[in-house]
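Below: query.csv (CSV, C-alpha atoms)
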```
chain,number,residue,atom,x,y,z
A,93,MET,CA,-7.5,1.3,-46.6
A,94,SER,CA,-6.4,1.3,-43.0
A,95,ASP,CA,-3.5,0.3,-40.7
A,96,ARG,CA,-5.5,-2.6,-39.4
A,97,ILE,CA,-6.4,-3.8,-42.8
A,98,PRO,CA,-3.7,-2.6,-45.2
A,99,LEU,CA,-5.6,-3.5,-48.4
A,100,PRO,CA,-6.4,-1.0,-51.2
A,101,MET,CA,-9.9,0.0,-52.2
A,102,PRO,CA,-11.0,-2.4,-54.9
A,103,PHE,CA,-12.5,-1.4,-58.3
A,104,GLY,CA,-15.7,-2.6,-59.7
A,105,TRP,CA,-19.5,-1.8,-59.9
A,106,PHE,CA,-20.7,-0.3,-56.7
A,107,ARG,CA,-24.2,0.6,-55.5
A,108,MET,CA,-25.0,4.3,-55.3
A,109,THR,CA,-28.7,4.1,-54.5
A,110,GLU,CA,-31.8,2.1,-55.0
A,111,SER,CA,-33.8,2.8,-58.1
A,112,LYS,CA,-36.9,3.4,-56.1
A,113,ASP,CA,-35.2,6.2,-54.2
A,114,LEU,CA,-34.3,8.2,-57.3
A,115,ALA,CA,-37.2,9.8,-59.1
A,116,VAL,CA,-37.1,11.5,-62.5
A,117,GLY,CA,-35.8,15.0,-62.0
A,118,GLU,CA,-34.3,14.2,-58.5
A,119,VAL,CA,-30.8,15.1,-57.4
A,120,LYS,CA,-29.1,13.5,-54.4
A,121,THR,CA,-25.7,13.4,-52.8
A,122,VAL,CA,-24.1,10.2,-51.7
A,123,GLN,CA,-20.9,9.4,-50.0
A,124,TYR,CA,-19.0,6.3,-50.9
A,125,LEU,CA,-15.4,5.2,-51.9
A,126,GLY,CA,-14.0,8.0,-49.7
A,127,LYS,CA,-15.7,10.9,-51.5
A,128,GLU,CA,-19.0,12.5,-52.5
A,129,PHE,CA,-20.9,11.9,-55.7
A,130,VAL,CA,-24.0,13.5,-57.1
A,131,VAL,CA,-26.6,11.2,-58.6
A,132,PHE,CA,-29.5,12.5,-60.7
A,133,ARG,CA,-32.1,11.0,-63.0
A,134,GLY,CA,-33.0,12.8,-66.3
A,135,ASP,CA,-36.2,12.9,-68.2
A,136,ASP,CA,-35.0,9.9,-70.2
A,137,GLY,CA,-35.1,7.8,-67.0
A,138,LYS,CA,-31.3,7.3,-67.0
A,139,ALA,CA,-29.4,7.7,-63.7
A,140,ASN,CA,-26.2,9.7,-63.9
A,141,VAL,CA,-23.3,9.8,-61.4
A,142,PHE,CA,-21.0,12.9,-61.4
A,143,ASP,CA,-18.3,14.4,-59.3
A,144,PRO,CA,-20.1,17.0,-57.2
A,145,TYR,CA,-18.2,20.2,-57.9
A,146,CYS,CA,-18.8,22.5,-60.9
A,147,PRO,CA,-15.5,23.2,-62.7
A,148,HIS,CA,-16.4,26.9,-62.9
A,149,LEU,CA,-16.1,28.2,-59.3
A,150,GLY,CA,-16.6,25.0,-57.4
A,151,ALA,CA,-20.3,25.0,-56.5
A,152,HIS,CA,-21.7,21.7,-55.2
A,153,LEU,CA,-24.2,20.4,-57.7
A,154,GLY,CA,-26.0,18.4,-55.0
A,155,TYR,CA,-27.1,21.5,-53.2
A,156,GLY,CA,-29.4,23.5,-55.4
A,157,GLY,CA,-28.6,21.8,-58.7
A,158,VAL,CA,-31.6,21.3,-61.0
A,159,VAL,CA,-32.3,18.7,-63.5
A,160,GLU,CA,-33.4,20.1,-66.9
A,161,GLY,CA,-34.3,17.4,-69.4
A,162,CYS,CA,-31.4,15.0,-69.3
A,163,ALA,CA,-28.9,17.6,-68.0
A,164,ILE,CA,-28.2,19.2,-64.6
A,165,ARG,CA,-27.8,23.0,-64.1
A,166,CYS,CA,-25.4,24.4,-61.5
A,167,PRO,CA,-27.1,26.5,-58.8
A,168,PHE,CA,-24.4,29.2,-58.8
A,169,HIS,CA,-24.1,30.6,-62.4
A,170,HIS,CA,-26.4,28.2,-64.1
A,171,TRP,CA,-23.9,26.4,-66.2
A,172,LYS,CA,-25.6,23.3,-67.7
A,173,PHE,CA,-24.0,19.9,-68.0
A,174,ASP,CA,-25.4,17.0,-70.1
A,175,GLY,CA,-25.3,13.3,-69.1
A,176,THR,CA,-21.7,12.9,-70.3
A,177,GLY,CA,-20.6,15.8,-68.0
A,178,GLN,CA,-20.0,18.2,-70.9
A,179,CYS,CA,-21.1,21.8,-70.4
A,180,THR,CA,-23.6,22.6,-73.1
A,181,GLU,CA,-24.8,26.1,-72.0
A,182,ILE,CA,-23.6,29.1,-70.1
A,183,PRO,CA,-26.4,31.7,-70.2
A,184,TYR,CA,-24.2,34.7,-70.1
A,185,ALA,CA,-21.3,33.6,-72.3
A,186,LYS,CA,-20.7,33.4,-76.1
A,187,ARG,CA,-18.2,30.6,-75.9
A,188,ILE,CA,-18.0,27.5,-73.7
A,189,PRO,CA,-14.5,26.8,-72.4
A,190,ALA,CA,-13.0,23.5,-73.6
A,191,ARG,CA,-12.4,22.3,-70.1
A,192,ALA,CA,-15.9,23.0,-68.9
A,193,GLN,CA,-16.7,19.5,-68.0
A,194,VAL,CA,-17.7,17.5,-64.8
A,195,LYS,CA,-16.4,14.0,-64.4
A,196,ALA,CA,-19.2,11.6,-65.2
A,197,TYR,CA,-18.9,7.9,-64.2
A,198,PRO,CA,-20.1,4.8,-66.1
A,199,THR,CA,-23.5,3.7,-64.6
A,200,CYS,CA,-25.9,0.8,-65.0
A,201,GLU,CA,-29.2,0.1,-63.4
A,202,LYS,CA,-30.0,-3.6,-62.7
A,203,ASN,CA,-32.4,-5.4,-60.4
A,204,GLY,CA,-33.6,-2.1,-58.9
A,205,ILE,CA,-30.1,-0.8,-58.1
A,206,VAL,CA,-28.1,2.1,-59.5
A,207,PHE,CA,-24.5,1.1,-59.9
A,208,MET,CA,-21.4,3.2,-60.7
A,209,TRP,CA,-18.2,1.8,-62.1
A,210,HIS,CA,-15.2,2.9,-60.1
A,211,HIS,CA,-11.5,2.4,-61.1
A,212,PRO,CA,-8.7,4.4,-59.7
A,213,ASN,CA,-7.0,4.7,-63.1
A,214,GLY,CA,-10.2,5.5,-65.0
A,215,ASP,CA,-10.3,2.1,-66.8
A,216,ALA,CA,-13.5,1.2,-68.6
A,217,PRO,CA,-15.8,-1.4,-67.1
A,218,LYS,CA,-14.4,-5.0,-67.3
A,219,TRP,CA,-17.7,-6.9,-66.8
A,220,GLU,CA,-21.4,-6.5,-66.6
A,221,ILE,CA,-23.9,-6.9,-63.8
A,222,PRO,CA,-26.4,-9.7,-64.6
A,223,ASP,CA,-30.1,-9.3,-64.7
A,224,VAL,CA,-32.0,-11.5,-62.2
A,225,PRO,CA,-35.1,-12.5,-64.2
A,226,ASP,CA,-37.3,-13.5,-61.2
A,227,TRP,CA,-36.4,-10.4,-59.1
A,228,CYS,CA,-39.7,-8.6,-58.2
A,229,SER,CA,-41.6,-11.0,-60.5
A,230,GLU,CA,-45.2,-12.2,-60.0
A,231,GLY,CA,-45.6,-14.7,-57.2
A,232,TRP,CA,-42.8,-13.2,-55.0
A,233,MET,CA,-43.1,-11.0,-52.0
A,234,ALA,CA,-42.0,-7.4,-52.3
A,235,PRO,CA,-38.3,-7.0,-51.3
A,236,ILE,CA,-37.4,-6.5,-47.7
A,237,TYR,CA,-34.2,-4.4,-47.1
A,238,HIS,CA,-31.5,-4.7,-44.5
A,239,THR,CA,-28.6,-2.2,-44.4
A,240,ALA,CA,-25.5,-2.4,-42.2
A,241,ARG,CA,-22.3,-0.4,-42.0
A,242,VAL,CA,-19.3,-2.2,-40.5
A,243,ARG,CA,-15.7,-1.2,-39.9
A,244,SER,CA,-14.1,-3.7,-42.3
A,245,HIS,CA,-12.9,-4.2,-45.8
A,246,PRO,CA,-14.8,-6.0,-48.6
A,247,GLN,CA,-12.1,-8.7,-49.0
A,248,GLU,CA,-12.3,-9.5,-45.3
A,249,MET,CA,-16.1,-9.8,-45.5
A,250,ALA,CA,-15.9,-11.9,-48.7
A,251,GLU,CA,-13.5,-14.4,-46.9
A,252,ASN,CA,-16.4,-15.0,-44.5
A,253,VAL,CA,-18.2,-16.9,-47.2
A,254,VAL,CA,-15.5,-19.5,-47.6
A,255,ASP,CA,-14.7,-19.8,-43.9
A,256,SER,CA,-17.0,-22.7,-43.2
A,257,ALA,CA,-15.5,-23.5,-39.8
A,258,HIS,CA,-16.7,-20.2,-38.2
A,259,PHE,CA,-20.3,-21.2,-38.8
A,260,LYS,CA,-20.0,-23.8,-36.0
A,261,PHE,CA,-17.9,-21.8,-33.6
A,262,VAL,CA,-19.4,-18.3,-34.1
A,263,HIS,CA,-23.0,-19.0,-35.2
A,264,GLY,CA,-23.6,-22.3,-33.4
A,265,THR,CA,-24.5,-24.5,-36.4
A,266,PRO,CA,-24.5,-28.2,-35.4
A,267,ASP,CA,-21.7,-29.0,-37.7
A,268,ILE,CA,-19.2,-27.4,-40.2
A,269,PRO,CA,-21.0,-27.1,-43.5
A,270,GLU,CA,-19.4,-28.6,-46.6
A,271,LYS,CA,-19.4,-26.2,-49.5
A,272,THR,CA,-18.0,-26.4,-53.0
A,273,PHE,CA,-16.4,-23.4,-54.6
A,274,THR,CA,-15.5,-22.5,-58.2
A,275,PHE,CA,-13.7,-19.4,-59.4
A,276,ASP,CA,-14.3,-18.2,-63.0
A,277,GLY,CA,-12.9,-14.8,-63.9
A,278,HIS,CA,-14.8,-12.2,-62.0
A,279,ILE,CA,-17.4,-14.7,-60.8
A,280,MET,CA,-17.2,-16.9,-57.7
A,281,ARG,CA,-19.8,-19.6,-57.1
A,282,ALA,CA,-20.5,-21.6,-54.0
A,283,PHE,CA,-22.9,-24.4,-53.3
A,284,GLN,CA,-24.0,-26.1,-50.1
A,285,GLY,CA,-26.5,-28.8,-49.5
A,286,LEU,CA,-28.9,-28.3,-46.5
A,287,THR,CA,-31.2,-30.4,-44.5
A,288,PHE,CA,-34.2,-28.7,-42.7
A,289,THR,CA,-35.8,-30.5,-39.8
A,290,THR,CA,-39.6,-29.9,-39.7
A,291,PRO,CA,-42.5,-31.3,-37.7
A,292,THR,CA,-43.3,-33.5,-40.7
A,293,GLY,CA,-39.8,-34.7,-41.2
A,294,GLU,CA,-36.6,-33.7,-42.9
A,295,ILE,CA,-36.6,-31.6,-46.1
A,296,LYS,CA,-33.6,-31.4,-48.4
A,297,GLY,CA,-32.5,-28.0,-49.6
A,298,SER,CA,-29.6,-26.0,-50.8
A,299,VAL,CA,-27.9,-22.6,-50.9
A,300,ASP,CA,-26.3,-21.3,-54.2
A,301,ILE,CA,-24.1,-18.2,-54.1
A,302,GLU,CA,-22.9,-16.3,-57.1
A,303,SER,CA,-20.6,-13.3,-56.5
A,304,HIS,CA,-19.9,-10.8,-59.3
A,305,GLY,CA,-16.7,-8.8,-58.9
A,306,GLY,CA,-16.7,-9.0,-55.2
A,307,SER,CA,-19.3,-6.3,-54.8
A,308,VAL,CA,-22.6,-8.0,-55.9
A,309,GLY,CA,-23.9,-11.3,-54.6
A,310,ILE,CA,-26.9,-13.3,-55.7
A,311,THR,CA,-27.9,-16.0,-53.2
A,312,ARG,CA,-30.7,-18.5,-53.6
A,313,PHE,CA,-32.0,-20.8,-50.8
A,314,SER,CA,-34.3,-23.7,-51.6
A,315,GLY,CA,-36.0,-26.2,-49.3
A,316,ILE,CA,-38.6,-24.7,-47.0
A,317,GLY,CA,-39.7,-22.1,-49.6
A,318,ASP,CA,-37.6,-20.3,-52.1
A,319,THR,CA,-35.6,-17.3,-51.1
A,320,LEU,CA,-33.6,-14.9,-53.2
A,321,ILE,CA,-31.2,-12.4,-51.8
A,322,ILE,CA,-29.3,-9.7,-53.7
A,323,VAL,CA,-26.4,-8.3,-51.7
A,324,THR,CA,-24.3,-5.3,-52.5
A,325,GLY,CA,-21.2,-4.2,-50.7
A,326,THR,CA,-19.7,-0.7,-51.1
A,327,PRO,CA,-16.7,0.8,-49.3
A,328,VAL,CA,-17.8,4.0,-47.6
A,329,ASP,CA,-14.4,5.3,-46.8
A,330,SER,CA,-11.1,4.0,-45.4
A,331,GLU,CA,-12.8,2.4,-42.4
A,332,TYR,CA,-16.4,1.6,-43.2
A,333,HIS,CA,-18.1,-0.9,-45.6
A,334,GLU,CA,-21.8,-0.8,-46.3
A,335,THR,CA,-23.8,-4.0,-47.0
A,336,VAL,CA,-27.3,-3.9,-48.4
A,337,MET,CA,-29.3,-7.2,-48.4
A,338,ARG,CA,-32.5,-7.4,-50.4
A,339,PHE,CA,-34.6,-10.4,-49.4
A,340,SER,CA,-37.4,-11.7,-51.6
A,341,PHE,CA,-39.5,-14.8,-50.8
A,342,LYS,CA,-41.6,-16.9,-53.2
A,343,ILE,CA,-45.1,-17.0,-52.0
A,344,MET,CA,-45.8,-20.6,-50.9
A,345,ASP,CA,-48.9,-22.2,-52.4
A,346,GLY,CA,-50.6,-18.8,-52.5
A,347,ASN,CA,-50.3,-18.4,-48.7
A,348,LEU,CA,-48.9,-14.9,-48.1
A,349,LYS,CA,-49.3,-15.1,-44.4
A,350,ALA,CA,-47.3,-18.3,-44.1
A,351,THR,CA,-44.6,-16.8,-46.4
A,352,GLU,CA,-44.5,-13.7,-44.2
A,353,GLY,CA,-43.9,-15.8,-41.2
A,354,LEU,CA,-41.0,-17.6,-42.9
A,355,ALA,CA,-39.6,-14.3,-44.1
A,356,LYS,CA,-39.6,-12.9,-40.5
A,357,ALA,CA,-37.8,-16.0,-39.1
A,358,PHE,CA,-35.3,-16.2,-42.0
A,359,ILE,CA,-34.3,-12.5,-41.8
A,360,GLY,CA,-34.1,-12.7,-38.1
A,361,GLU,CA,-31.6,-15.6,-38.3
A,362,VAL,CA,-29.5,-13.8,-41.0
A,363,SER,CA,-29.5,-10.7,-38.8
A,364,ARG,CA,-28.5,-12.7,-35.8
A,365,GLN,CA,-25.6,-14.3,-37.5
A,366,HIS,CA,-24.5,-11.0,-39.1
A,367,GLY,CA,-24.6,-9.4,-35.7
A,368,GLN,CA,-22.3,-12.1,-34.3
A,369,ASP,CA,-19.7,-11.4,-37.1
A,370,VAL,CA,-19.6,-7.7,-36.6
A,371,PRO,CA,-17.4,-7.5,-33.5
A,372,ILE,CA,-15.0,-9.9,-35.0
A,373,TRP,CA,-14.8,-8.0,-38.3
A,374,GLU,CA,-14.4,-4.7,-36.6
A,375,HIS,CA,-11.5,-5.7,-34.4
A,376,LYS,CA,-9.6,-8.3,-36.3
A,377,LYS,CA,-6.3,-7.6,-38.1
A,378,PHE,CA,-5.5,-8.7,-41.6
A,379,HIS,CA,-2.6,-11.2,-41.8
A,380,GLN,CA,-0.8,-11.3,-45.2
A,381,ASN,CA,0.5,-14.8,-44.4
A,382,PRO,CA,-1.9,-16.4,-42.0
A,383,VAL,CA,-1.2,-19.7,-40.3
A,384,LEU,CA,-3.8,-22.0,-41.8
A,385,CYS,CA,-4.8,-25.6,-41.2
A,386,ASP,CA,-6.3,-28.3,-43.4
A,387,GLY,CA,-9.9,-27.5,-42.4
A,388,ASP,CA,-9.9,-23.8,-43.1
A,389,GLY,CA,-11.4,-23.8,-46.6
A,390,PRO,CA,-10.1,-22.0,-49.7
A,391,ILE,CA,-8.8,-18.8,-48.0
A,392,HIS,CA,-5.9,-18.6,-50.4
A,393,GLN,CA,-8.1,-19.1,-53.4
A,394,ILE,CA,-10.5,-16.3,-52.5
A,395,ARG,CA,-7.5,-14.0,-51.8
A,396,LYS,CA,-6.2,-14.9,-55.3
A,397,TYR,CA,-9.6,-14.3,-56.7
A,398,TYR,CA,-9.8,-10.8,-55.1
A,399,GLN,CA,-6.4,-9.8,-56.4
A,400,GLN,CA,-8.0,-9.1,-59.8
A,401,PHE,CA,-10.0,-6.3,-58.3
A,402,TYR,CA,-7.0,-4.2,-57.3
A,403,ALA,CA,-5.3,-1.8,-59.7
A,404,ALA,CA,-1.9,-2.9,-58.5
A,405,PRO,CA,-0.7,-6.2,-57.0
A,406,VAL,CA,-1.1,-6.6,-53.2
```

Entire entry expressed as structure tokens:
Amino acid sequence: MSDRIPLPMPFGWFRMTESKDLAVGEVKTVQYLGKEFVVFRGDDGKANVFDPYCPHLGAHLGYGGVVEGCAIRCPFHHWKFDGTGQCTEIPYAKRIPARAQVKAYPTCEKNGIVFMWHHPNGDAPKWEIPDVPDWCSEGWMAPIYHTARVRSHPQEMAENVVDSAHFKFVHGTPDIPEKTFTFDGHIMRAFQGLTFTTPTGEIKGSVDIESHGGSVGITRFSGIGDTLIIVTGTPVDSEYHETVMRFSFKIMDGNLKATEGLAKAFIGEVSRQHGQDVPIWEHKKFHQNPVLCDGDGPIHQIRKYYQQFYAAPV
């Protein structure tokens, strides 16, 4: 994607917008994966993602395009395109040209997020995004969102998860955490035991991470309260990568105020650590054959795992 990090853009399911930010009948333009897309929601409630330009004379559907039923009408000459991208009506023509079609992308909507499937060769989706049953369920706080754009590549940021040593030397943890990792097709799982020191003694806890396709992560913390984080990563262009973290906290013993205090401290610590990583991510250079030592963790394994998300071998 860049000279500093000469890795291609991966394929997979990528976030286009939050469900709550796309009302029925709404059209919006987003810029990801090095280009623009138009996202709209029809009367059937389904979110659609199109290339932005009308095949007629190139009008941008995101600027004046109108949703009609489950279709979108071009602002220029009012050509109408259904959810598949096929033109279904030209108000002043007797015949619709065979090539009158806008490219429509596979979409899915899970856990309050609108995803689009991207593959440079146009291949069909190879896996599904899982539902998270307790997301936004009763007894949990409403999600808290944190968004950051960083000059980095998704593989580089994914390597951060398995790089246990940096937690001590960058983030100041008292020791190097021991994690276990498993790689199963498009899913990577990580587990780490935790010990929390509190005024009433030590509390055992854990963190479980499940990554789907390298672009969606589901993380659960247990111990002092239960925390659920859904993370998405989407390349913006050849330089920038956008991470959206959605934090949800299980209300502890019906005490919302105490849970809000925990949430503030927890998010503050995550934001602090993320901020410490940013200058390293933004200035490091990718080494194809790094010099590693026996305490570095499964760097080679995660790189092998990530190879499956490139259309051609790297």

Rows by chain and residue number, segment 227-316 of chain A within 7 Å of segment 361-378 of chain A, shortest pair, all atoms listed in the file, as a Markdown table:
```
| residue | atom | partner | partner_atom | distance |
| --- | --- | --- | --- | --- |
| A:Val242 | CA | A:Glu374 | CA | 6.7 |
| A:Arg243 | CA | A:Glu374 | CA | 5.0 |
| A:Ser244 | CA | A:Glu374 | CA | 5.8 |
| A:Val262 | CA | A:Gln368 | CA | 6.8 |
| A:His263 | CA | A:Gln365 | CA | 5.8 |
```

query: Can you tell me, as a list in words, what residues are no more than 8 Å from Ile301 of chain A when counting all atoms listed in the file, ignoring any on the same chain fewer than 4 positions away?
result: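 The residues that qualify are Met280, Arg281, Ala282, Phe283, Gly309, Ile310, Thr311 and Arg312 of chain A.
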
message: Measuring between all atoms listed in the file, which one of A:Trp219, A:Phe259, A:Phe168, A:Tyr332 shows the shortest distance to Leu125 of chain A?
response: A:Tyr332

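The shortest atom-to-atom distance to Lys356 of chain A, with only C-alpha atoms taken into account, belongs to A:Ile236 out of A:Val130, A:Cys200, A:Ile236, A:Met101.
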
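Computed from the coordinates, the atom CA of Pro102 of chain A to atom CA of Tyr402 of chain A distance equals 5.0 Å.
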
- prompt: Got a sec: who's within 12 Å of segment 177-187 of chain A, counting only C-alpha atoms, leaving out chain neighbours fewer than 4 positions off, as number ranges by chain?
  reply: A: 130, 132, 140-148, 153, 160, 162-166, 168-173, 191-198

Which residues are near Leu320 of chain A? Cut-off 7 Å, only C-alpha atoms, ignore same chain within fewer than 2 positions. Put them as a PDB file with C-alpha atoms, keeping the file's coordinate frame.
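File produced: part.pdb:
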```
ATOM      1  CA  THR A 311     -27.900 -16.000 -53.200  1.00  0.00           C
ATOM      2  CA  ARG A 312     -30.700 -18.500 -53.600  1.00  0.00           C
ATOM      3  CA  PHE A 313     -32.000 -20.800 -50.800  1.00  0.00           C
ATOM      4  CA  ASP A 318     -37.600 -20.300 -52.100  1.00  0.00           C
ATOM      5  CA  ILE A 322     -29.300  -9.700 -53.700  1.00  0.00           C
ATOM      6  CA  PHE A 339     -34.600 -10.400 -49.400  1.00  0.00           C
ATOM      7  CA  SER A 340     -37.400 -11.700 -51.600  1.00  0.00           C
ATOM      8  CA  PHE A 341     -39.500 -14.800 -50.800  1.00  0.00           C
TER       9      PHE A 341
END
```

message: Counting all atoms listed in the file, which residue out of A:Val116, A:Ala355, A:Ala234, A:Leu99 sits closest to Ala139 of chain A?
response: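 Selected residue with least distance to Ala139 of chain A: A:Val116.
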
message: Can you tell me which residues surround Asp276 of chain A at a distance of at most 12 Å, considering all atoms listed in the file, apart from same-chain residues fewer than 3 positions away, and format the answer as a list of chain:residue names?
response: A:Phe273, A:Ile279, A:Met280, A:Arg281, A:Ala282, A:Glu302, A:Ser303, A:His304, A:Gly305, A:Gln393, A:Ile394, A:Lys396, A:Tyr397, A:Tyr398, A:Gln400

message: I'd like the interatomic distance between atom CA of Leu286 of chain A and atom CA of Asp386 of chain A, to a tenth of an Å.
response: 22.8 Å

- request: Using only C-alpha atoms, find the one residue out of A:Gly150, A:Gly389, A:Pro212, A:Gly126 that sits nearest to Ala404 of chain A.
  value: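 Smallest distance to Ala404 of chain A is found for A:Pro212.
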
message: I'd like the neighbourhood of Ile343 of chain A as a PyMOL selection string, where a residue qualifies if any of its atoms comes within 7 Å (using only C-alpha atoms), though same-chain residues fewer than 3 positions away should be ignored.
response: chain A and resi 231-233+346-348+351

Could the residues in this selection be saved with C-alpha atoms as a short mmCIF file (atom, residue, chain, number, x, y, z; two decimals), in the frame of the given file?
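Final output, out_2.cif:
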```
data_model
loop_
_atom_site.label_atom_id
_atom_site.label_comp_id
_atom_site.auth_asym_id
_atom_site.auth_seq_id
_atom_site.Cartn_x
_atom_site.Cartn_y
_atom_site.Cartn_z
CA GLY A 231 -45.60 -14.70 -57.20
CA TRP A 232 -42.80 -13.20 -55.00
CA MET A 233 -43.10 -11.00 -52.00
CA GLY A 346 -50.60 -18.80 -52.50
CA ASN A 347 -50.30 -18.40 -48.70
CA LEU A 348 -48.90 -14.90 -48.10
CA THR A 351 -44.60 -16.80 -46.40
#
```

field: Distance criterion (all atoms listed in the file): nearest to Ala257 of chain A out of A:Pro100, A:Arg133, A:Leu384, A:Gln123
entry: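 Result for the nearest residue to Ala257 of chain A: A:Leu384.
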